[in-house]
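S.K.: Structure file coords-v1.csv, CSV, N, CA and C atoms, is pasted below:
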```csv
chain,number,residue,atom,x,y,z
B,78,MET,N,-10.5,-19.3,20.8
B,78,MET,CA,-10.6,-17.9,20.5
B,78,MET,C,-11.1,-17.1,21.7
B,79,ALA,N,-11.8,-17.8,22.6
B,79,ALA,CA,-12.3,-17.0,23.8
B,79,ALA,C,-11.2,-16.6,24.7
B,80,ARG,N,-10.1,-17.3,24.7
B,80,ARG,CA,-8.9,-17.0,25.5
B,80,ARG,C,-8.2,-15.7,25.1
B,81,VAL,N,-8.3,-15.4,23.8
B,81,VAL,CA,-7.7,-14.2,23.3
B,81,VAL,C,-8.7,-13.1,23.3
B,82,PHE,N,-8.3,-12.0,24.0
B,82,PHE,CA,-9.2,-10.9,24.1
B,82,PHE,C,-9.4,-10.2,22.8
B,83,LYS,N,-10.5,-9.5,22.7
B,83,LYS,CA,-10.9,-8.8,21.5
B,83,LYS,C,-9.8,-7.9,21.0
B,84,ASP,N,-9.2,-7.1,21.9
B,84,ASP,CA,-8.2,-6.2,21.5
B,84,ASP,C,-7.0,-7.0,20.9
B,85,GLU,N,-6.7,-8.2,21.4
B,85,GLU,CA,-5.6,-9.0,20.9
B,85,GLU,C,-5.9,-9.4,19.4
B,86,TRP,N,-7.2,-9.8,19.2
B,86,TRP,CA,-7.5,-10.1,17.8
B,86,TRP,C,-7.4,-8.9,16.9
B,87,HIS,N,-7.7,-7.8,17.3
B,87,HIS,CA,-7.6,-6.6,16.5
B,87,HIS,C,-6.1,-6.3,16.2
B,88,ARG,N,-5.3,-6.5,17.2
B,88,ARG,CA,-3.8,-6.3,17.1
B,88,ARG,C,-3.3,-7.3,16.1
B,89,LEU,N,-3.7,-8.5,16.2
B,89,LEU,CA,-3.2,-9.6,15.3
B,89,LEU,C,-3.7,-9.3,13.9
B,90,ALA,N,-4.9,-8.8,13.8
B,90,ALA,CA,-5.4,-8.5,12.4
B,90,ALA,C,-4.5,-7.4,11.8
B,91,TRP,N,-4.1,-6.4,12.5
B,91,TRP,CA,-3.2,-5.4,12.0
B,91,TRP,C,-1.9,-5.9,11.7
B,92,GLU,N,-1.3,-6.8,12.5
B,92,GLU,CA,0.0,-7.3,12.3
B,92,GLU,C,0.0,-8.2,11.1
B,93,THR,N,-1.0,-8.9,10.8
B,93,THR,CA,-1.1,-9.8,9.7
B,93,THR,C,-1.6,-9.1,8.4
B,94,ARG,N,-1.8,-7.8,8.5
B,94,ARG,CA,-2.2,-7.0,7.3
B,94,ARG,C,-3.6,-7.6,6.8
B,95,TYR,N,-4.4,-8.1,7.8
B,95,TYR,CA,-5.8,-8.5,7.5
B,95,TYR,C,-5.8,-9.7,6.5
B,96,ASP,N,-4.9,-10.6,6.7
B,96,ASP,CA,-4.8,-11.8,5.9
B,96,ASP,C,-5.1,-13.1,6.8
B,97,ALA,N,-6.2,-13.8,6.4
B,97,ALA,CA,-6.6,-15.0,7.3
B,97,ALA,C,-5.5,-16.0,7.3
B,98,HIS,N,-4.8,-16.3,6.2
B,98,HIS,CA,-3.7,-17.3,6.2
B,98,HIS,C,-2.6,-16.9,7.2
B,99,ALA,N,-2.2,-15.6,7.2
B,99,ALA,CA,-1.2,-15.1,8.1
B,99,ALA,C,-1.6,-15.2,9.5
B,100,LEU,N,-2.9,-14.9,9.7
B,100,LEU,CA,-3.5,-14.9,11.1
B,100,LEU,C,-3.5,-16.3,11.6
B,101,ALA,N,-3.8,-17.3,10.8
B,101,ALA,CA,-3.8,-18.7,11.3
B,101,ALA,C,-2.4,-19.1,11.6
B,102,ARG,N,-1.4,-18.8,10.8
B,102,ARG,CA,0.0,-19.1,11.0
B,102,ARG,C,0.5,-18.5,12.3
B,103,LEU,N,0.1,-17.2,12.5
B,103,LEU,CA,0.6,-16.5,13.7
B,103,LEU,C,0.0,-17.2,15.0
B,104,ARG,N,-1.2,-17.7,14.9
B,104,ARG,CA,-1.9,-18.3,16.1
B,104,ARG,C,-1.5,-19.8,16.2
B,105,GLY,N,-0.8,-20.3,15.2
B,105,GLY,CA,-0.4,-21.7,15.3
B,105,GLY,C,-1.5,-22.7,14.9
B,106,LEU,N,-2.4,-22.2,14.1
B,106,LEU,CA,-3.6,-23.0,13.6
B,106,LEU,C,-3.5,-23.2,12.1
B,107,SER,N,-4.2,-24.2,11.7
B,107,SER,CA,-4.4,-24.3,10.2
B,107,SER,C,-5.5,-23.3,9.9
B,108,VAL,N,-5.6,-23.0,8.6
B,108,VAL,CA,-6.7,-22.1,8.1
B,108,VAL,C,-8.0,-22.7,8.5
B,109,ARG,N,-8.2,-24.0,8.3
B,109,ARG,CA,-9.5,-24.6,8.6
B,109,ARG,C,-9.8,-24.6,10.0
B,110,GLN,N,-8.9,-24.7,10.9
B,110,GLN,CA,-9.1,-24.6,12.4
B,110,GLN,C,-9.6,-23.2,12.7
B,111,LEU,N,-8.9,-22.2,12.1
B,111,LEU,CA,-9.3,-20.8,12.3
B,111,LEU,C,-10.7,-20.6,11.8
B,112,GLN,N,-11.0,-21.1,10.6
B,112,GLN,CA,-12.4,-20.9,10.1
B,112,GLN,C,-13.4,-21.5,11.0
B,113,ARG,N,-13.2,-22.7,11.5
B,113,ARG,CA,-14.1,-23.4,12.4
B,113,ARG,C,-14.3,-22.5,13.7
B,114,ARG,N,-13.2,-22.0,14.3
B,114,ARG,CA,-13.4,-21.2,15.5
B,114,ARG,C,-14.1,-19.9,15.2
B,115,PHE,N,-13.9,-19.3,14.1
B,115,PHE,CA,-14.6,-18.0,13.8
B,115,PHE,C,-16.1,-18.3,13.5
B,116,HIS,N,-16.3,-19.4,12.8
B,116,HIS,CA,-17.7,-19.7,12.5
B,116,HIS,C,-18.5,-20.0,13.8
B,117,HIS,N,-17.8,-20.8,14.7
B,117,HIS,CA,-18.4,-21.1,16.0
B,117,HIS,C,-18.7,-19.9,16.8
B,118,GLN,N,-17.7,-19.0,16.9
B,118,GLN,CA,-17.8,-17.8,17.8
B,118,GLN,C,-18.6,-16.7,17.2
B,119,LEU,N,-18.4,-16.4,15.9
B,119,LEU,CA,-18.9,-15.2,15.3
B,119,LEU,C,-19.9,-15.5,14.1
B,120,GLY,N,-20.0,-16.8,13.7
B,120,GLY,CA,-20.9,-17.1,12.6
B,120,GLY,C,-20.5,-16.6,11.3
B,121,ARG,N,-19.2,-16.4,11.1
B,121,ARG,CA,-18.7,-15.9,9.9
B,121,ARG,C,-17.3,-16.3,9.6
B,122,SER,N,-16.8,-16.1,8.5
B,122,SER,CA,-15.4,-16.5,8.2
B,122,SER,C,-14.4,-15.5,8.7
B,123,PRO,N,-13.2,-16.0,8.9
B,123,PRO,CA,-12.1,-15.1,9.4
B,123,PRO,C,-11.9,-13.9,8.4
B,124,GLN,N,-11.9,-14.3,7.1
B,124,GLN,CA,-11.6,-13.2,6.1
B,124,GLN,C,-12.7,-12.2,6.1
B,125,ASP,N,-14.0,-12.6,6.3
B,125,ASP,CA,-15.0,-11.6,6.4
B,125,ASP,C,-14.8,-10.7,7.5
B,126,TRP,N,-14.5,-11.2,8.7
B,126,TRP,CA,-14.2,-10.4,9.9
B,126,TRP,C,-13.0,-9.5,9.6
B,127,LEU,N,-12.0,-10.0,9.0
B,127,LEU,CA,-10.8,-9.2,8.8
B,127,LEU,C,-11.1,-8.1,7.8
B,128,ASN,N,-11.9,-8.4,6.7
B,128,ASN,CA,-12.2,-7.3,5.8
B,128,ASN,C,-13.0,-6.2,6.5
B,129,GLU,N,-13.9,-6.6,7.4
B,129,GLU,CA,-14.7,-5.6,8.1
B,129,GLU,C,-13.7,-4.7,9.0
B,130,GLN,N,-12.8,-5.4,9.7
B,130,GLN,CA,-11.9,-4.7,10.5
B,130,GLN,C,-11.0,-3.7,9.7
B,131,ARG,N,-10.6,-4.2,8.6
B,131,ARG,CA,-9.7,-3.3,7.7
B,131,ARG,C,-10.5,-2.1,7.3
B,132,LEU,N,-11.8,-2.3,6.9
B,132,LEU,CA,-12.6,-1.1,6.5
B,132,LEU,C,-12.8,-0.1,7.7
B,133,LEU,N,-13.0,-0.7,8.9
B,133,LEU,CA,-13.2,0.2,10.1
B,133,LEU,C,-11.9,0.9,10.4
B,134,ALA,N,-10.8,0.3,10.2
B,134,ALA,CA,-9.5,0.9,10.5
B,134,ALA,C,-9.2,2.0,9.4
B,135,ALA,N,-9.6,1.7,8.2
B,135,ALA,CA,-9.4,2.7,7.1
B,135,ALA,C,-10.3,3.9,7.4
B,136,GLN,N,-11.5,3.7,7.8
B,136,GLN,CA,-12.4,4.8,8.1
B,136,GLN,C,-11.9,5.7,9.3
B,137,ALA,N,-11.4,5.1,10.3
B,137,ALA,CA,-10.8,5.8,11.4
B,137,ALA,C,-9.6,6.6,11.0
B,138,LEU,N,-8.7,6.0,10.2
B,138,LEU,CA,-7.5,6.7,9.8
B,138,LEU,C,-7.9,7.9,8.8
B,139,LEU,N,-8.8,7.7,7.9
B,139,LEU,CA,-9.2,8.7,7.0
B,139,LEU,C,-9.9,9.9,7.8
B,140,LEU,N,-10.8,9.5,8.7
B,140,LEU,CA,-11.4,10.6,9.5
B,140,LEU,C,-10.5,11.4,10.4
B,141,SER,N,-9.3,10.8,10.7
B,141,SER,CA,-8.3,11.5,11.5
B,141,SER,C,-7.5,12.4,10.6
B,142,GLY,N,-7.7,12.4,9.3
B,142,GLY,CA,-7.0,13.3,8.4
B,142,GLY,C,-5.8,12.7,7.6
B,143,ARG,N,-5.6,11.4,7.8
B,143,ARG,CA,-4.5,10.8,7.1
B,143,ARG,C,-4.8,10.8,5.6
B,144,PRO,N,-3.8,10.9,4.7
B,144,PRO,CA,-4.0,10.9,3.3
B,144,PRO,C,-4.4,9.5,2.8
B,145,VAL,N,-5.3,9.5,1.8
B,145,VAL,CA,-5.8,8.2,1.2
B,145,VAL,C,-4.7,7.3,0.8
B,146,LYS,N,-3.7,7.8,0.2
B,146,LYS,CA,-2.6,6.9,-0.3
B,146,LYS,C,-1.8,6.3,0.9
B,147,VAL,N,-1.7,7.0,2.0
B,147,VAL,CA,-1.0,6.5,3.1
B,147,VAL,C,-1.8,5.4,3.8
B,148,VAL,N,-3.1,5.7,4.0
B,148,VAL,CA,-4.0,4.7,4.6
B,148,VAL,C,-4.0,3.4,3.8
B,149,ALA,N,-4.2,3.6,2.4
B,149,ALA,CA,-4.3,2.4,1.6
B,149,ALA,C,-3.0,1.6,1.7
B,150,SER,N,-1.9,2.2,1.7
B,150,SER,CA,-0.6,1.5,1.8
B,150,SER,C,-0.4,0.8,3.2
B,151,GLU,N,-0.8,1.5,4.3
B,151,GLU,CA,-0.6,1.0,5.6
B,151,GLU,C,-1.5,-0.3,5.8
B,152,LEU,N,-2.7,-0.3,5.2
B,152,LEU,CA,-3.7,-1.3,5.4
B,152,LEU,C,-3.6,-2.4,4.4
B,153,GLY,N,-2.7,-2.3,3.5
B,153,GLY,CA,-2.5,-3.4,2.5
B,153,GLY,C,-3.4,-3.4,1.3
B,154,TYR,N,-4.1,-2.3,1.1
B,154,TYR,CA,-4.9,-2.2,-0.1
B,154,TYR,C,-4.0,-2.0,-1.3
B,155,LYS,N,-4.3,-2.6,-2.4
B,155,LYS,CA,-3.5,-2.5,-3.6
B,155,LYS,C,-3.8,-1.3,-4.4
B,156,GLN,N,-5.0,-0.8,-4.3
B,156,GLN,CA,-5.4,0.5,-5.0
B,156,GLN,C,-6.0,1.4,-4.0
B,157,THR,N,-5.8,2.7,-4.2
B,157,THR,CA,-6.4,3.7,-3.3
B,157,THR,C,-7.9,3.8,-3.5
B,158,SER,N,-8.5,3.4,-4.6
B,158,SER,CA,-9.9,3.5,-4.8
B,158,SER,C,-10.6,2.4,-4.0
```
As structure tokens, what does this structure read like?
M.R.:
Amino acid sequence: MARVFKDEWHRLAWETRYDAHALARLRGLSVRQLQRRFHHQLGRSPQDWLNEQRLLAAQALLLSGRPVKVVASELGYKQTS
């Protein structure tokens, strides 16, 4: 994970719609390998990190004036609430 820059992980998170299984597949890792790497580097699970990143992205988009429905759809939320 150290070889992939932080911005790259953020881009990959967006591309995989904040899904740990899709992120592992995209990086050519098993979900368990991805979990071990995240736990070793960040002390948390990949999905916890992805959930946080999705919330931060939603916050930024909402503060920029994007409609709630659009933000929810773009970030893969099933409900706008």
S.K.: Could you jot down the atom C of Asp84 of chain B to atom N of Pro144 of chain B separation for me, Å, one decimal place?
M.R.: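 These two atoms are separated by 24.4 Å.
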S.K.: To one decimal place, how far is atom CA of Gln136 of chain B from atom CA of Ala97 of chain B in Å?
M.R.: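 For atom CA of Gln136 of chain B relative to atom CA of Ala97 of chain B, the distance reads 20.6 Å.
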S.K.: Which of these residues is nearest to Ala90 of chain B, using only C-alpha atoms: B:Leu132, B:Leu103, B:Leu111, B:Leu127?
M.R.: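 Selected residue with least distance to Ala90 of chain B: B:Leu127.
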S.K.: Measure the distance from atom CA of Gly153 of chain B to atom N of Thr93 of chain B in Å and round it to one decimal.
M.R.: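 Calculated distance between atom CA of Gly153 of chain B and atom N of Thr93 of chain B is 10.1 Å.
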S.K.: Which is closer to Ala134 of chain B than all the others in B:Glu85, B:Leu152, B:Leu100, B:Lys146, using only N, CA and C atoms?
M.R.: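 Of the candidates, the smallest distance to Ala134 of chain B is held by B:Leu152.
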S.K.: Would you mind telling me which residue in B:His98, B:Lys83, B:Arg88, B:Lys155 lies nearest to Pro123 of chain B when using all atoms listed in the file?
M.R.: B:His98
